[in-house]
Amino acid sequence: MSKSNNYAIGVFDSGLGGLTVVKELMKQLPCEDIVYYGDTARVPYGTKSRESIIRFSKENAEVLLKQKVKIIVVACNSSSSYALSSLKKRFNLPIIGVVAPGAQKAVTMTKNRKVGVIATSATVQSRQYAKIIKRLSPSIKVFSQPCPLFVPLVEEGWLQRDVTRRVAKEYLVKLKQSRVDTLILGCTHYPLLRNVIQKAMGQGVALVDSAKEVATEVNKTLGKFKKYRISKRRPRYQFLVSDKPQEFCRIAKNFLGRDIKAVKV
């Protein structure tokens, strides 16, 4: 055991969506400290270029490393799609993205070999989910659909509004026609729309929440490297943002299921 066992789990995202990952980490690893960094000044990443996403992701990792973290979770699907390999080359600690765990889960769940992916435009264009699924099981057909309006609807708190249901129905009609039996929620905002998405797709379609799968992967990785926290004090949760802390606090409760009292800029 070393001093670094008591370092925190670091999580970054382009904004608020990664808090769904934090919520799962709190549930699965209740003894661990967590530091979250939301790059709220530059959100969204889903419309940015590959080069910008890689640069922003490296800068976000640097912010977390200053807070003494033992593992970094890239809770942004766009960053996971474009920047993960660059981050792993640059930084000497375990780094976990949200794409691979969700893709692996979908492969084990599909029965008819048809998997859908909904995500931001950048994540869909990267084809990372499709590449990983095809590598694991070449016979699976992957159908992808960008859903850019889901993020602002979630951040507005319109989780059950009629407009949200209509947008979901419009986005998901082609995936429903494709008869996918498994659908990956390929953006960390989307679990908050789980009920709306499930209704639009029908009860026969299994939804894969990447946040749960990522938390499981973090748990396994900490066990593998013998990095579980050994301190007996209560865990600390720290939240950092690059801009708009009041807005972050206001919206965060929907994602985390609890109030955030202090946010640092």
# chains A, B, ... in the order shown; residues from 1 in each chain; ligands from 1

$ residues_around --residues "Leu207 (chain A)" --least-positions-apart "6" --cutoff "6 Å" --atoms "only C-alpha atoms" --output "list in words"
Thr182, Leu183 and Ile184 of chain A

$ write_last_selection --atoms "N, CA and C atoms" --output "compact mmCIF listing (two decimals), in the first residue's frame"
# COMPACT_ATOMS: atom_id res chain seq x y z
N THR A 182 -31.06 -3.58 -28.43
CA THR A 182 -30.21 -3.00 -27.39
C THR A 182 -29.83 -1.60 -27.84
N LEU A 183 -29.92 -0.63 -26.93
CA LEU A 183 -29.61 0.76 -27.28
C LEU A 183 -28.64 1.34 -26.26
N ILE A 184 -27.49 1.80 -26.74
CA ILE A 184 -26.49 2.43 -25.87
C ILE A 184 -26.80 3.91 -25.71

$ closest_residue --among "A:Gly157, A:Gly102, A:Pro44, A:Pro94" --to "Gly186 (chain A)" --atoms "only C-alpha atoms"
A:Gly102

$ select_by_dssp --residues "region 83-207 of chain A" --states "alpha helix (DSSP H)" --output "ChimeraX atom specification"
/A:84-90,99-109,121-126,128-136,150-155,162-177,194-201

$ closest_residue --among "A:Val43, A:Leu149, A:Val218, A:Ala122" --to "Leu16 (chain A)" --atoms "only C-alpha atoms"
A:Val43

$ closest_atom_pairs --of "region 195-217 of chain A" --to "region 68-81 of chain A" --cutoff "10 Å" --atoms "only C-alpha atoms" --output "CSV"
residue,atom,partner,partner_atom,distance
A:Ser210,CA,A:Ala75,CA,9.4
A:Ala211,CA,A:Ala75,CA,8.0
A:Val214,CA,A:Val73,CA,8.1
A:Ala215,CA,A:Val73,CA,9.0
A:Glu217,CA,A:Val73,CA,9.9

$ write_last_selection --atoms "N, CA and C atoms" --output "compact mmCIF listing (two decimals), in the first residue's frame"
# COMPACT_ATOMS: atom_id res chain seq x y z
N SER A 210 -23.94 3.74 -19.86
CA SER A 210 -22.48 3.65 -19.77
C SER A 210 -21.95 4.04 -18.39
N ALA A 211 -22.66 4.94 -17.69
CA ALA A 211 -22.19 5.39 -16.37
C ALA A 211 -22.03 4.21 -15.41
N VAL A 214 -19.00 2.10 -16.46
CA VAL A 214 -17.73 2.77 -16.17
C VAL A 214 -17.37 2.62 -14.69
N ALA A 215 -18.35 2.81 -13.81
CA ALA A 215 -18.10 2.67 -12.37
C ALA A 215 -17.62 1.25 -12.04
N GLU A 217 -15.99 -0.70 -14.09
CA GLU A 217 -14.63 -0.79 -14.63
C GLU A 217 -13.63 -0.11 -13.69

$ residues_around --residues "region 159-166 of chain A" --least-positions-apart "5" --cutoff "9 Å" --atoms "only C-alpha atoms" --output "list in words"
Leu149, Phe150, Leu153, Val154, Tyr171, Leu192, Leu193, Asn195, Val196, Ile197, Lys199 and Ala200 of chain A

$ write_last_selection --atoms "N, CA and C atoms" --output "PDB file, in the first residue's frame"
ATOM      1  N   LEU A 149     -30.248  17.636 -29.523  1.00  0.00           N
ATOM      2  CA  LEU A 149     -31.175  18.418 -28.691  1.00  0.00           C
ATOM      3  C   LEU A 149     -31.379  17.829 -27.297  1.00  0.00           C
ATOM      4  N   PHE A 150     -30.972  16.576 -27.088  1.00  0.00           N
ATOM      5  CA  PHE A 150     -31.172  15.956 -25.778  1.00  0.00           C
ATOM      6  C   PHE A 150     -30.418  16.691 -24.669  1.00  0.00           C
ATOM      7  N   LEU A 153     -32.120  19.956 -23.528  1.00  0.00           N
ATOM      8  CA  LEU A 153     -33.389  19.606 -22.876  1.00  0.00           C
ATOM      9  C   LEU A 153     -33.148  19.118 -21.446  1.00  0.00           C
ATOM     10  N   VAL A 154     -32.109  18.289 -21.284  1.00  0.00           N
ATOM     11  CA  VAL A 154     -31.767  17.792 -19.951  1.00  0.00           C
ATOM     12  C   VAL A 154     -31.322  18.947 -19.056  1.00  0.00           C
ATOM     13  N   TYR A 171     -36.173  11.486 -33.163  1.00  0.00           N
ATOM     14  CA  TYR A 171     -34.802  10.981 -33.249  1.00  0.00           C
ATOM     15  C   TYR A 171     -34.752   9.453 -33.366  1.00  0.00           C
ATOM     16  N   LEU A 192     -30.750  10.572 -17.834  1.00  0.00           N
ATOM     17  CA  LEU A 192     -31.839  11.338 -17.230  1.00  0.00           C
ATOM     18  C   LEU A 192     -33.107  11.303 -18.076  1.00  0.00           C
ATOM     19  N   LEU A 193     -32.958  10.917 -19.345  1.00  0.00           N
ATOM     20  CA  LEU A 193     -34.114  10.780 -20.249  1.00  0.00           C
ATOM     21  C   LEU A 193     -34.493   9.314 -20.455  1.00  0.00           C
ATOM     22  N   ASN A 195     -36.567   7.209 -19.120  1.00  0.00           N
ATOM     23  CA  ASN A 195     -37.988   6.847 -19.228  1.00  0.00           C
ATOM     24  C   ASN A 195     -38.577   7.259 -20.570  1.00  0.00           C
ATOM     25  N   VAL A 196     -38.230   8.460 -21.028  1.00  0.00           N
ATOM     26  CA  VAL A 196     -38.729   8.965 -22.321  1.00  0.00           C
ATOM     27  C   VAL A 196     -38.185   8.109 -23.468  1.00  0.00           C
ATOM     28  N   ILE A 197     -36.895   7.789 -23.399  1.00  0.00           N
ATOM     29  CA  ILE A 197     -36.243   6.980 -24.444  1.00  0.00           C
ATOM     30  C   ILE A 197     -36.829   5.569 -24.466  1.00  0.00           C
ATOM     31  N   LYS A 199     -39.793   4.610 -23.502  1.00  0.00           N
ATOM     32  CA  LYS A 199     -41.167   4.644 -24.031  1.00  0.00           C
ATOM     33  C   LYS A 199     -41.155   4.762 -25.552  1.00  0.00           C
ATOM     34  N   ALA A 200     -40.241   5.594 -26.083  1.00  0.00           N
ATOM     35  CA  ALA A 200     -40.161   5.775 -27.536  1.00  0.00           C
ATOM     36  C   ALA A 200     -39.696   4.499 -28.240  1.00  0.00           C
TER      37      ALA A 200
END

$ atom_distance --atom1 "CA of Lys261 (chain A)" --atom2 "CA of Leu222 (chain A)"
28.1 Å

$ residues_around --residues "region 230-239 of chain A" --least-positions-apart "6" --cutoff "8 Å" --atoms "only C-alpha atoms" --output "list in words"
Asn5, Asn6, Pro30, Cys31, Glu32, Asp33, Ile34, Val35, Tyr36, Tyr37, Gly38, Ala262, Val263 and Lys264 of chain A

$ write_last_selection --atoms "N, CA and C atoms" --output "short mmCIF file (atom, residue, chain, number, x, y, z; two decimals), in the first residue's frame"
data_model
loop_
_atom_site.label_atom_id
_atom_site.label_comp_id
_atom_site.auth_asym_id
_atom_site.auth_seq_id
_atom_site.Cartn_x
_atom_site.Cartn_y
_atom_site.Cartn_z
N ASN A 5 -2.80 5.50 -2.45
CA ASN A 5 -4.08 4.80 -2.24
C ASN A 5 -5.16 5.77 -1.76
N ASN A 6 -4.74 6.78 -1.01
CA ASN A 6 -5.71 7.73 -0.46
C ASN A 6 -5.95 8.93 -1.38
N PRO A 30 -18.30 3.63 -2.19
CA PRO A 30 -18.71 4.64 -1.22
C PRO A 30 -17.61 5.15 -0.29
N CYS A 31 -16.46 4.50 -0.28
CA CYS A 31 -15.36 4.93 0.60
C CYS A 31 -14.35 5.85 -0.09
N GLU A 32 -14.49 6.02 -1.41
CA GLU A 32 -13.47 6.74 -2.18
C GLU A 32 -13.74 8.25 -2.27
N ASP A 33 -12.66 9.04 -2.20
CA ASP A 33 -12.74 10.47 -2.50
C ASP A 33 -12.93 10.64 -4.01
N ILE A 34 -13.65 11.67 -4.40
CA ILE A 34 -13.87 11.95 -5.82
C ILE A 34 -13.65 13.44 -6.09
N VAL A 35 -12.90 13.74 -7.13
CA VAL A 35 -12.75 15.12 -7.61
C VAL A 35 -13.34 15.18 -9.01
N TYR A 36 -14.29 16.08 -9.21
CA TYR A 36 -14.95 16.23 -10.51
C TYR A 36 -14.59 17.58 -11.11
N TYR A 37 -14.23 17.57 -12.39
CA TYR A 37 -13.97 18.83 -13.09
C TYR A 37 -14.86 18.93 -14.33
N GLY A 38 -15.69 19.97 -14.37
CA GLY A 38 -16.54 20.22 -15.53
C GLY A 38 -16.05 21.44 -16.29
N ALA A 262 -20.64 23.41 -2.45
CA ALA A 262 -19.47 24.23 -2.81
C ALA A 262 -18.90 23.79 -4.15
N VAL A 263 -18.70 24.77 -5.03
CA VAL A 263 -18.07 24.52 -6.32
C VAL A 263 -16.95 25.54 -6.50
N LYS A 264 -15.77 25.06 -6.87
CA LYS A 264 -14.64 25.96 -7.09
C LYS A 264 -14.45 26.22 -8.58
#

$ atom_distance --atom1 "CA of Val124 (chain A)" --atom2 "CA of Leu65 (chain A)"
29.1 Å

$ residues_around --residues "Ala103 (chain A)" --least-positions-apart "6" --cutoff "7 Å" --atoms "only C-alpha atoms" --output "compact mmCIF listing (two decimals) with C-alpha atoms, in the first residue's frame"
# COMPACT_ATOMS: atom_id res chain seq x y z
CA TYR A 129 -18.80 2.53 -30.41
CA ILE A 132 -15.29 -1.55 -30.53
CA ILE A 133 -18.50 -3.56 -31.01

$ decode --residues "region 18-58 of chain A" --atoms "N, CA and C atoms" --output "mmCIF file, in the first residue's frame"
data_model
loop_
_atom_site.group_PDB
_atom_site.id
_atom_site.type_symbol
_atom_site.label_atom_id
_atom_site.label_comp_id
_atom_site.auth_asym_id
_atom_site.auth_seq_id
_atom_site.Cartn_x
_atom_site.Cartn_y
_atom_site.Cartn_z
ATOM 1 N N GLY A 18 -21.172 14.254 -16.796
ATOM 2 C CA GLY A 18 -20.332 13.287 -16.088
ATOM 3 C C GLY A 18 -20.750 13.062 -14.650
ATOM 4 N N LEU A 19 -21.649 13.900 -14.134
ATOM 5 C CA LEU A 19 -22.151 13.685 -12.775
ATOM 6 C C LEU A 19 -22.952 12.397 -12.667
ATOM 7 N N THR A 20 -23.497 11.899 -13.786
ATOM 8 C CA THR A 20 -24.168 10.588 -13.747
ATOM 9 C C THR A 20 -23.149 9.494 -13.454
ATOM 10 N N VAL A 21 -21.916 9.680 -13.931
ATOM 11 C CA VAL A 21 -20.832 8.741 -13.617
ATOM 12 C C VAL A 21 -20.441 8.870 -12.148
ATOM 13 N N VAL A 22 -20.335 10.107 -11.663
ATOM 14 C CA VAL A 22 -20.004 10.341 -10.250
ATOM 15 C C VAL A 22 -21.036 9.675 -9.343
ATOM 16 N N LYS A 23 -22.303 9.797 -9.700
ATOM 17 C CA LYS A 23 -23.374 9.180 -8.900
ATOM 18 C C LYS A 23 -23.174 7.671 -8.788
ATOM 19 N N GLU A 24 -22.818 7.026 -9.896
ATOM 20 C CA GLU A 24 -22.567 5.576 -9.884
ATOM 21 C C GLU A 24 -21.309 5.228 -9.095
ATOM 22 N N LEU A 25 -20.286 6.073 -9.206
ATOM 23 C CA LEU A 25 -19.052 5.843 -8.436
ATOM 24 C C LEU A 25 -19.332 5.941 -6.936
ATOM 25 N N MET A 26 -20.137 6.923 -6.537
ATOM 26 C CA MET A 26 -20.512 7.066 -5.122
ATOM 27 C C MET A 26 -21.235 5.808 -4.618
ATOM 28 N N LYS A 27 -22.060 5.248 -5.508
ATOM 29 C CA LYS A 27 -22.840 4.060 -5.149
ATOM 30 C C LYS A 27 -21.956 2.822 -5.037
ATOM 31 N N GLN A 28 -21.088 2.628 -6.048
ATOM 32 C CA GLN A 28 -20.275 1.404 -6.093
ATOM 33 C C GLN A 28 -19.003 1.477 -5.243
ATOM 34 N N LEU A 29 -18.487 2.708 -5.032
ATOM 35 C CA LEU A 29 -17.246 2.873 -4.272
ATOM 36 C C LEU A 29 -17.464 3.939 -3.193
ATOM 37 N N PRO A 30 -18.295 3.634 -2.193
ATOM 38 C CA PRO A 30 -18.711 4.644 -1.216
ATOM 39 C C PRO A 30 -17.609 5.148 -0.291
ATOM 40 N N CYS A 31 -16.455 4.504 -0.276
ATOM 41 C CA CYS A 31 -15.363 4.935 0.604
ATOM 42 C C CYS A 31 -14.352 5.849 -0.093
ATOM 43 N N GLU A 32 -14.489 6.022 -1.406
ATOM 44 C CA GLU A 32 -13.473 6.744 -2.177
ATOM 45 C C GLU A 32 -13.745 8.252 -2.269
ATOM 46 N N ASP A 33 -12.663 9.039 -2.195
ATOM 47 C CA ASP A 33 -12.738 10.469 -2.497
ATOM 48 C C ASP A 33 -12.931 10.638 -4.010
ATOM 49 N N ILE A 34 -13.649 11.667 -4.401
ATOM 50 C CA ILE A 34 -13.869 11.947 -5.823
ATOM 51 C C ILE A 34 -13.650 13.439 -6.085
ATOM 52 N N VAL A 35 -12.901 13.736 -7.134
ATOM 53 C CA VAL A 35 -12.751 15.117 -7.609
ATOM 54 C C VAL A 35 -13.342 15.180 -9.012
ATOM 55 N N TYR A 36 -14.290 16.080 -9.207
ATOM 56 C CA TYR A 36 -14.946 16.232 -10.508
ATOM 57 C C TYR A 36 -14.587 17.585 -11.109
ATOM 58 N N TYR A 37 -14.233 17.572 -12.392
ATOM 59 C CA TYR A 37 -13.970 18.828 -13.092
ATOM 60 C C TYR A 37 -14.858 18.927 -14.327
ATOM 61 N N GLY A 38 -15.687 19.971 -14.370
ATOM 62 C CA GLY A 38 -16.544 20.223 -15.529
ATOM 63 C C GLY A 38 -16.051 21.436 -16.291
ATOM 64 N N ASP A 39 -15.737 21.243 -17.554
ATOM 65 C CA ASP A 39 -15.210 22.339 -18.375
ATOM 66 C C ASP A 39 -16.373 23.162 -18.933
ATOM 67 N N THR A 40 -17.092 23.801 -18.023
ATOM 68 C CA THR A 40 -18.335 24.500 -18.375
ATOM 69 C C THR A 40 -18.108 25.743 -19.240
ATOM 70 N N ALA A 41 -16.873 26.224 -19.296
ATOM 71 C CA ALA A 41 -16.575 27.393 -20.144
ATOM 72 C C ALA A 41 -16.580 27.026 -21.620
ATOM 73 N N ARG A 42 -16.310 25.742 -21.920
ATOM 74 C CA ARG A 42 -16.160 25.347 -23.325
ATOM 75 C C ARG A 42 -17.170 24.296 -23.771
ATOM 76 N N VAL A 43 -18.137 24.001 -22.911
ATOM 77 C CA VAL A 43 -19.187 23.056 -23.280
ATOM 78 C C VAL A 43 -20.026 23.643 -24.426
ATOM 79 N N PRO A 44 -20.530 22.861 -25.383
ATOM 80 C CA PRO A 44 -20.401 21.404 -25.511
ATOM 81 C C PRO A 44 -19.189 21.010 -26.352
ATOM 82 N N TYR A 45 -18.685 19.794 -26.109
ATOM 83 C CA TYR A 45 -17.593 19.258 -26.933
ATOM 84 C C TYR A 45 -18.133 18.583 -28.187
ATOM 85 N N GLY A 46 -19.400 18.184 -28.142
ATOM 86 C CA GLY A 46 -19.983 17.393 -29.236
ATOM 87 C C GLY A 46 -19.995 18.072 -30.591
ATOM 88 N N THR A 47 -19.807 19.394 -30.600
ATOM 89 C CA THR A 47 -19.788 20.132 -31.868
ATOM 90 C C THR A 47 -18.381 20.613 -32.238
ATOM 91 N N LYS A 48 -17.375 20.269 -31.397
ATOM 92 C CA LYS A 48 -16.012 20.760 -31.608
ATOM 93 C C LYS A 48 -15.220 19.825 -32.534
ATOM 94 N N SER A 49 -14.074 20.330 -33.035
ATOM 95 C CA SER A 49 -13.201 19.517 -33.891
ATOM 96 C C SER A 49 -12.437 18.487 -33.050
ATOM 97 N N ARG A 50 -11.928 17.470 -33.723
ATOM 98 C CA ARG A 50 -11.134 16.432 -33.057
ATOM 99 C C ARG A 50 -9.938 17.049 -32.333
ATOM 100 N N GLU A 51 -9.253 17.974 -33.004
ATOM 101 C CA GLU A 51 -8.045 18.599 -32.439
ATOM 102 C C GLU A 51 -8.366 19.377 -31.161
ATOM 103 N N SER A 52 -9.476 20.112 -31.193
ATOM 104 C CA SER A 52 -9.881 20.885 -30.010
ATOM 105 C C SER A 52 -10.232 19.961 -28.851
ATOM 106 N N ILE A 53 -10.966 18.888 -29.143
ATOM 107 C CA ILE A 53 -11.369 17.942 -28.096
ATOM 108 C C ILE A 53 -10.143 17.319 -27.433
ATOM 109 N N ILE A 54 -9.133 16.955 -28.225
ATOM 110 C CA ILE A 54 -7.904 16.371 -27.667
ATOM 111 C C ILE A 54 -7.180 17.390 -26.782
ATOM 112 N N ARG A 55 -7.074 18.622 -27.255
ATOM 113 C CA ARG A 55 -6.381 19.659 -26.480
ATOM 114 C C ARG A 55 -7.114 19.955 -25.171
ATOM 115 N N PHE A 56 -8.428 20.105 -25.253
ATOM 116 C CA PHE A 56 -9.213 20.375 -24.044
ATOM 117 C C PHE A 56 -9.078 19.215 -23.043
ATOM 118 N N SER A 57 -9.095 17.999 -23.551
ATOM 119 C CA SER A 57 -9.039 16.816 -22.682
ATOM 120 C C SER A 57 -7.708 16.737 -21.931
ATOM 121 N N LYS A 58 -6.620 17.051 -22.609
ATOM 122 C CA LYS A 58 -5.305 17.067 -21.948
ATOM 123 C C LYS A 58 -5.261 18.130 -20.847
#
